[in-house]
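Input: a single structure, listed below in structure tokens.
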Amino acid sequence: MPNNPSAPPPRQKRERTVFRRLDGILLLDKPQGLSSNQALQRVRHLFRADKGGHTGSLDPLATGLLPVCFGEATKIAGGLLGARKAYETVARLGIVTDTDDAEGQPLRERPVPAITIDSIDAALKQLTGRIRQRPPIYSALKRGGEPLYAKARRGETIEIEEREVDVHAFDLVNAADLLDGDEPLLRLHVECGSGTYVRSLVRDLGELLGCGAHVAELRRLWVDPFREPRMWTLQALENLLAQAGERVLEACLLPIEAGMTSWPQVRVSEAQAQRLGRGQGLRGPYQPQGQVALLDEHGRGLGLGEVDAEGGLRPARLFRWASATGALPEAGTP
């Protein structure tokens, strides 16, 4: 049969990723346009990590720090979800959207009144501290096992209850665009606790200012305990892999211990580590009461433990190497 010159070239078969055991934490600079899960899967395939998870979603519109946990680091990811976080955001005044950000459909538009720095600061003060906040309808919060955004996309009527959140700081960075009459934009800095939605803060700020608002830009700056993060973009990681290979790529990972500094630390001897590895508790007194990070005599992480009211210590979530043999991997070993 003669070749057909107009036929499209045959599709290249995509090589299947061969995953491997890999432990560590990547401080990813998430790009705009990807969901947090899409970004996670991209880096998981780059590193060929058999297990991975992220610590707190960022909206597709948002950029910035997304800590990604590989392997045994996923066992501490839940504790990092509740960490304090900081953001820079740009609020666009005068337009309210159904998602409370620039990716949504406009619901209503109002003129922006004459606004002073004092009135902005007064409104920001009302939204600082322990406040009650209504999360956005388009959010990953689940009801009946299904994310709210899925219900919203089907046009279902959704009632969302207010809940208490902690806003440690909500400050004006720059109002030059608004005051100069260029665009009705406010540049803001936010520090908040777990469960706080910056989109809701900006929406409520717009209502206090009498004109409505939505998030035009959002960037996460840091997440405890990573206050001064060295972040890696997807492009930089892809270039490293292509130019220098997998071993150099692995050097971008932080050790698991870097993510354990938010917990009080308890060091144990080799004999005590063996007892914990067998699931046995240790008599104290240990302190403080509650969840603690378990380290061996050399500072290597063993996992998470729990100190009870009597000062006894028991294992909670141990890493795979915290076994009865007491054998630990060498630093940097995948």
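Naming scheme: A, B, ... for chains in displayed order of the structure tokens; residues 1 onward per chain; ligands 1 onward as shown.
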Identify all residues of range 69-121 of chain A in strand (DSSP E or B) (DSSP on the backbone) and supply them as a PyMOL selection string. chain A and resi 69-70+85-93+95-97+101+106-109
Near range 244-255 of chain A, within 10 Å and counting only C-alpha atoms, which residues show up once chain neighbours fewer than 4 positions away are dropped, as a CSV table (one decimal) with all heavy atoms, in the first residue's frame?
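That gives us part_15.csv:
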```csv
chain,number,residue,atom,x,y,z
A,22,LEU,N,11.6,7.0,47.5
A,22,LEU,CA,12.3,8.3,47.7
A,22,LEU,C,11.7,9.1,48.8
A,22,LEU,O,10.5,9.2,48.9
A,22,LEU,CB,12.2,9.1,46.4
A,22,LEU,CG,13.0,10.4,46.4
A,22,LEU,CD1,14.5,10.1,46.3
A,22,LEU,CD2,12.6,11.3,45.2
A,23,ASP,N,12.5,9.6,49.7
A,23,ASP,CA,12.1,10.3,50.9
A,23,ASP,C,12.6,11.7,50.9
A,23,ASP,O,13.8,11.9,50.6
A,23,ASP,CB,12.5,9.6,52.2
A,23,ASP,CG,12.1,8.1,52.2
A,23,ASP,OD1,10.9,7.9,52.0
A,23,ASP,OD2,12.9,7.3,52.4
A,24,GLY,N,11.8,12.7,51.3
A,24,GLY,CA,12.3,14.1,51.4
A,24,GLY,C,11.2,15.1,51.1
A,24,GLY,O,10.0,14.7,50.9
A,25,ILE,N,11.5,16.3,51.2
A,25,ILE,CA,10.6,17.4,51.1
A,25,ILE,C,11.1,18.4,50.0
A,25,ILE,O,12.2,18.8,50.0
A,25,ILE,CB,10.4,18.2,52.4
A,25,ILE,CG1,9.9,17.2,53.5
A,25,ILE,CG2,9.4,19.4,52.2
A,25,ILE,CD1,9.9,17.8,54.9
A,26,LEU,N,10.2,18.7,49.0
A,26,LEU,CA,10.5,19.7,48.0
A,26,LEU,C,9.7,20.9,48.2
A,26,LEU,O,8.5,20.9,48.4
A,26,LEU,CB,10.2,19.1,46.6
A,26,LEU,CG,10.3,20.0,45.4
A,26,LEU,CD1,11.8,20.3,45.1
A,26,LEU,CD2,9.6,19.5,44.2
A,27,LEU,N,10.4,22.1,48.2
A,27,LEU,CA,9.7,23.3,48.3
A,27,LEU,C,9.4,23.9,46.9
A,27,LEU,O,10.3,24.5,46.3
A,27,LEU,CB,10.5,24.3,49.1
A,27,LEU,CG,10.8,23.9,50.6
A,27,LEU,CD1,11.6,25.0,51.3
A,27,LEU,CD2,9.6,23.4,51.3
A,28,LEU,N,8.3,23.5,46.4
A,28,LEU,CA,7.9,23.9,45.0
A,28,LEU,C,7.3,25.3,44.9
A,28,LEU,O,6.5,25.7,45.7
A,28,LEU,CB,6.9,22.8,44.5
A,28,LEU,CG,6.4,23.1,43.0
A,28,LEU,CD1,7.5,22.8,42.0
A,28,LEU,CD2,5.2,22.1,42.7
A,46,LEU,N,8.7,13.7,37.8
A,46,LEU,CA,10.1,14.1,37.6
A,46,LEU,C,11.1,13.4,38.5
A,46,LEU,O,12.1,12.9,38.1
A,46,LEU,CB,10.2,15.6,37.8
A,46,LEU,CG,9.9,16.6,36.7
A,46,LEU,CD1,10.0,18.0,37.2
A,46,LEU,CD2,10.9,16.4,35.6
A,47,PHE,N,10.7,13.2,39.8
A,47,PHE,CA,11.6,12.6,40.7
A,47,PHE,C,11.4,11.1,40.7
A,47,PHE,O,12.1,10.4,41.4
A,47,PHE,CB,11.3,13.2,42.1
A,47,PHE,CG,11.9,14.5,42.4
A,47,PHE,CD1,11.3,15.7,42.0
A,47,PHE,CD2,13.2,14.6,43.0
A,47,PHE,CE1,11.8,16.9,42.3
A,47,PHE,CE2,13.7,15.8,43.3
A,47,PHE,CZ,13.1,17.0,42.9
A,48,ARG,N,10.4,10.6,40.1
A,48,ARG,CA,10.0,9.2,40.0
A,48,ARG,C,9.7,8.7,41.5
A,48,ARG,O,10.1,7.5,41.8
A,48,ARG,CB,11.1,8.3,39.4
A,48,ARG,CG,11.4,8.6,37.9
A,48,ARG,CD,12.2,7.5,37.3
A,48,ARG,NE,13.5,7.4,37.9
A,48,ARG,CZ,13.9,6.2,38.5
A,48,ARG,NH1,13.0,5.2,38.6
A,48,ARG,NH2,15.1,6.1,39.0
A,68,VAL,N,6.0,19.8,49.1
A,68,VAL,CA,5.6,18.5,48.6
A,68,VAL,C,6.4,17.5,49.3
A,68,VAL,O,7.6,17.6,49.4
A,68,VAL,CB,5.9,18.4,47.1
A,68,VAL,CG1,5.6,16.9,46.6
A,68,VAL,CG2,5.0,19.4,46.3
A,69,CYS,N,5.7,16.5,49.9
A,69,CYS,CA,6.3,15.5,50.7
A,69,CYS,C,6.4,14.2,49.9
A,69,CYS,O,5.4,13.7,49.4
A,69,CYS,CB,5.6,15.2,52.0
A,69,CYS,SG,5.5,16.6,53.1
A,70,PHE,N,7.6,13.6,49.8
A,70,PHE,CA,7.8,12.3,49.2
A,70,PHE,C,8.0,11.2,50.2
A,70,PHE,O,8.7,11.4,51.2
A,70,PHE,CB,9.0,12.3,48.2
A,70,PHE,CG,8.8,13.2,47.0
A,70,PHE,CD1,9.8,14.1,46.6
A,70,PHE,CD2,7.6,13.2,46.3
A,70,PHE,CE1,9.7,14.9,45.5
A,70,PHE,CE2,7.4,14.1,45.2
A,70,PHE,CZ,8.5,14.9,44.8
A,73,ALA,N,8.1,11.1,54.2
A,73,ALA,CA,7.7,12.5,54.6
A,73,ALA,C,6.2,12.8,54.6
A,73,ALA,O,5.7,13.7,55.3
A,73,ALA,CB,8.4,13.5,53.7
A,230,ARG,N,13.8,28.2,50.0
A,230,ARG,CA,14.5,28.2,48.7
A,230,ARG,C,13.6,27.4,47.8
A,230,ARG,O,13.5,26.1,47.9
A,230,ARG,CB,15.9,27.6,48.8
A,230,ARG,CG,16.5,27.2,47.4
A,230,ARG,CD,16.7,28.4,46.5
A,230,ARG,NE,17.5,28.1,45.4
A,230,ARG,CZ,17.1,27.8,44.1
A,230,ARG,NH1,15.8,27.7,43.9
A,230,ARG,NH2,18.0,27.5,43.2
A,231,MET,N,12.8,28.0,47.0
A,231,MET,CA,11.8,27.3,46.2
A,231,MET,C,12.3,27.0,44.8
A,231,MET,O,13.2,27.7,44.3
A,231,MET,CB,10.5,28.2,46.0
A,231,MET,CG,9.7,28.4,47.2
A,231,MET,SD,8.2,29.4,46.9
A,231,MET,CE,8.7,31.0,47.3
A,232,TRP,N,11.8,25.9,44.2
A,232,TRP,CA,12.2,25.4,42.9
A,232,TRP,C,11.0,25.5,41.9
A,232,TRP,O,9.9,25.0,42.3
A,232,TRP,CB,12.7,24.0,43.0
A,232,TRP,CG,13.9,23.9,43.8
A,232,TRP,CD1,14.0,23.6,45.1
A,232,TRP,CD2,15.3,24.0,43.3
A,232,TRP,NE1,15.3,23.6,45.5
A,232,TRP,CE2,16.1,23.8,44.5
A,232,TRP,CE3,15.8,24.3,42.1
A,232,TRP,CZ2,17.5,23.9,44.4
A,232,TRP,CZ3,17.2,24.3,42.0
A,232,TRP,CH2,18.0,24.1,43.1
A,236,ALA,N,12.9,25.0,36.4
A,236,ALA,CA,14.3,24.8,36.9
A,236,ALA,C,14.5,23.3,37.2
A,236,ALA,O,15.6,22.8,36.9
A,236,ALA,CB,14.5,25.6,38.2
A,237,LEU,N,13.5,22.6,37.7
A,237,LEU,CA,13.7,21.2,38.0
A,237,LEU,C,13.9,20.3,36.7
A,237,LEU,O,14.7,19.4,36.7
A,237,LEU,CB,12.5,20.7,38.8
A,237,LEU,CG,12.4,21.2,40.2
A,237,LEU,CD1,11.0,20.8,40.8
A,237,LEU,CD2,13.5,20.8,41.1
A,238,GLU,N,13.1,20.7,35.7
A,238,GLU,CA,13.2,20.0,34.5
A,238,GLU,C,14.5,20.2,33.8
A,238,GLU,O,15.1,19.3,33.3
A,238,GLU,CB,12.0,20.4,33.5
A,238,GLU,CG,10.7,19.9,34.0
A,238,GLU,CD,9.5,20.6,33.2
A,238,GLU,OE1,9.8,21.6,32.5
A,238,GLU,OE2,8.4,20.2,33.4
A,239,ASN,N,15.0,21.4,33.9
A,239,ASN,CA,16.4,21.7,33.3
A,239,ASN,C,17.5,21.0,34.1
A,239,ASN,O,18.4,20.5,33.5
A,239,ASN,CB,16.6,23.2,33.4
A,239,ASN,CG,15.8,24.0,32.5
A,239,ASN,OD1,15.2,23.5,31.5
A,239,ASN,ND2,15.7,25.3,32.7
A,240,LEU,N,17.4,20.9,35.4
A,240,LEU,CA,18.4,20.2,36.2
A,240,LEU,C,18.4,18.7,35.8
A,240,LEU,O,19.5,18.1,35.6
A,240,LEU,CB,18.0,20.3,37.7
A,240,LEU,CG,18.7,21.4,38.5
A,240,LEU,CD1,18.2,21.4,39.9
A,240,LEU,CD2,20.2,21.4,38.4
A,259,GLY,N,11.2,19.3,58.1
A,259,GLY,CA,9.8,19.5,58.3
A,259,GLY,C,9.3,19.1,59.7
A,259,GLY,O,8.1,19.3,60.0
A,260,MET,N,10.2,18.7,60.6
A,260,MET,CA,9.8,18.2,61.9
A,260,MET,C,10.0,19.3,63.0
A,260,MET,O,9.8,19.0,64.2
A,260,MET,CB,10.5,16.9,62.3
A,260,MET,CG,10.3,15.8,61.3
A,260,MET,SD,11.2,14.3,61.6
A,260,MET,CE,10.5,13.7,63.2
A,300,ARG,N,18.7,12.0,63.7
A,300,ARG,CA,17.9,11.5,62.6
A,300,ARG,C,16.5,11.2,63.1
A,300,ARG,O,16.2,10.7,64.2
A,300,ARG,CB,18.5,10.1,62.1
A,300,ARG,CG,19.8,10.3,61.4
A,300,ARG,CD,19.6,10.9,60.0
A,300,ARG,NE,19.0,9.9,59.1
A,300,ARG,CZ,18.3,10.1,58.0
A,300,ARG,NH1,18.1,11.4,57.7
A,300,ARG,NH2,17.9,9.2,57.3
A,301,GLY,N,15.5,11.6,62.2
A,301,GLY,CA,14.1,11.5,62.6
A,301,GLY,C,13.7,10.0,62.6
A,301,GLY,O,14.0,9.2,61.7
A,331,ALA,N,22.2,9.5,55.8
A,331,ALA,CA,21.5,10.8,55.3
A,331,ALA,C,21.6,10.9,53.8
A,331,ALA,O,22.6,10.6,53.2
A,331,ALA,CB,22.3,12.0,55.9
A,332,GLY,N,20.4,11.2,53.2
A,332,GLY,CA,20.3,11.4,51.8
A,332,GLY,C,20.1,10.1,51.1
A,332,GLY,O,20.0,10.1,49.8
A,333,THR,N,19.9,9.0,51.8
A,333,THR,CA,19.6,7.7,51.1
A,333,THR,C,18.2,7.6,50.7
A,333,THR,O,17.3,7.8,51.5
A,333,THR,CB,19.9,6.5,52.0
A,333,THR,OG1,21.3,6.6,52.4
A,333,THR,CG2,19.7,5.2,51.3
A,334,PRO,N,17.9,7.4,49.4
A,334,PRO,CA,16.5,7.2,49.0
A,334,PRO,C,15.9,6.0,49.6
A,334,PRO,O,16.6,5.0,49.9
A,334,PRO,CB,16.6,7.2,47.4
A,334,PRO,CG,18.0,7.7,47.1
A,334,PRO,CD,18.8,7.3,48.3
```
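Close contacts of Arg108 in chain A, defined as residues with an atom at most 9 Å away when counting only C-alpha atoms, with chain neighbours fewer than 6 positions off set aside, comprise Gly94, Ile95, Val96, Thr97 and Gly212 of chain A.
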Selection above as a file: N, CA, C and O atoms, as a PDB file, in the first residue's frame:
```
ATOM      1  N   GLY A  94     -14.469  46.786  43.266  1.00  0.00           N
ATOM      2  CA  GLY A  94     -15.562  47.166  42.388  1.00  0.00           C
ATOM      3  C   GLY A  94     -16.261  46.030  41.678  1.00  0.00           C
ATOM      4  O   GLY A  94     -17.337  46.229  41.116  1.00  0.00           O
ATOM      5  N   ILE A  95     -15.671  44.815  41.678  1.00  0.00           N
ATOM      6  CA  ILE A  95     -16.279  43.677  40.989  1.00  0.00           C
ATOM      7  C   ILE A  95     -16.281  42.470  41.915  1.00  0.00           C
ATOM      8  O   ILE A  95     -15.248  42.106  42.471  1.00  0.00           O
ATOM      9  N   VAL A  96     -17.453  41.854  42.070  1.00  0.00           N
ATOM     10  CA  VAL A  96     -17.589  40.617  42.836  1.00  0.00           C
ATOM     11  C   VAL A  96     -17.777  39.468  41.857  1.00  0.00           C
ATOM     12  O   VAL A  96     -18.555  39.580  40.895  1.00  0.00           O
ATOM     13  N   THR A  97     -17.056  38.356  42.054  1.00  0.00           N
ATOM     14  CA  THR A  97     -17.179  37.187  41.173  1.00  0.00           C
ATOM     15  C   THR A  97     -17.709  35.986  41.964  1.00  0.00           C
ATOM     16  O   THR A  97     -17.670  35.967  43.195  1.00  0.00           O
ATOM     17  N   GLY A 212     -17.322  45.991  47.030  1.00  0.00           N
ATOM     18  CA  GLY A 212     -17.019  44.619  46.635  1.00  0.00           C
ATOM     19  C   GLY A 212     -15.598  44.492  46.123  1.00  0.00           C
ATOM     20  O   GLY A 212     -14.943  45.489  45.783  1.00  0.00           O
TER      21      GLY A 212
END
```
Give me every alpha helix (DSSP H) residue in range 29-210 of chain A, going by DSSP on the backbone, as JSON, numbers by chain. {"A": [36, 37, 38, 39, 40, 41, 42, 43, 44, 45, 46, 47, 77, 78, 79, 80, 81, 117, 118, 119, 120, 121, 122, 123, 124, 125, 126, 148, 149, 150, 151, 152, 153, 176, 177, 178, 179, 198, 199, 200, 201, 202, 203, 204, 205, 206, 207, 208]}
Write out as a ChimeraX atom specification which residues come within 8 Å of Asp296 in chain A when counting only C-alpha atoms, dropping same-chain ones fewer than 5 positions away. /A:267-270,273,301-302
Suppose we keep N, CA, C and O atoms; can you now write the selection as a compact mmCIF listing (two decimals), in the first residue's frame?
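Output (out-v2.txt):
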```
# COMPACT_ATOMS: atom_id res chain seq x y z
N ARG A 267 14.61 13.31 72.04
CA ARG A 267 15.66 12.41 71.58
C ARG A 267 15.67 11.15 72.44
O ARG A 267 15.48 11.21 73.65
N VAL A 268 15.90 10.03 71.78
CA VAL A 268 15.91 8.75 72.48
C VAL A 268 17.19 8.00 72.13
O VAL A 268 17.80 8.22 71.09
N SER A 269 17.58 7.11 73.05
CA SER A 269 18.76 6.28 72.82
C SER A 269 18.45 5.17 71.83
O SER A 269 17.28 4.94 71.46
N GLU A 270 19.47 4.43 71.42
CA GLU A 270 19.27 3.34 70.48
C GLU A 270 18.35 2.27 71.08
O GLU A 270 17.46 1.76 70.39
N ALA A 273 14.88 3.60 71.04
CA ALA A 273 14.37 3.60 69.67
C ALA A 273 13.90 2.21 69.27
O ALA A 273 12.88 2.06 68.57
N GLY A 301 15.53 11.62 62.23
CA GLY A 301 14.13 11.49 62.56
C GLY A 301 13.67 10.04 62.60
O GLY A 301 14.04 9.24 61.73
N LEU A 302 12.89 9.72 63.61
CA LEU A 302 12.28 8.39 63.73
C LEU A 302 10.80 8.41 63.42
O LEU A 302 10.21 7.38 63.10
```
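With distances restricted to only C-alpha atoms, A:Leu81 is the closest residue to Ser262 in chain A from A:Leu205, A:Leu318, A:Val167, A:Leu81.
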Counting only C-alpha atoms, the option among A:Pro315, A:Pro184, A:Pro60, A:Gly290 closest to Arg275 in chain A: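 Of all the options, A:Pro315 lies closest to Arg275 in chain A.
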Restricting the calculation to only C-alpha atoms: of A:Arg134, A:Gln38, A:Gly181, A:Glu103, which residue gets closest to Ile160 in chain A?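 Using only C-alpha atoms, Ile160 in chain A sits closest to A:Arg134.
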Would you mind reading off the distance between CA of Asp98 in chain A and CA of Pro111 in chain A, one decimal, in Å?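 These atoms are spaced 18.3 Å apart.
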What is the CA of Ala39 in chain A-CA of Thr17 in chain A distance in Å, reported with one decimal? 16.2 Å
Using only C-alpha atoms, which protein or nucleic acid residues come within 12 Å of Ala176 in chain A? Drop anything in the same chain fewer than 5 positions from it, and give the result as a PyMOL selection string. chain A and resi 115-117+181-188
Which residues come within 10 Å of Gly193 in chain A, counting only C-alpha atoms, excluding same-chain residues fewer than 2 positions away, as a PyMOL selection string? chain A and resi 81-86+130+165-168+191+195-197+223
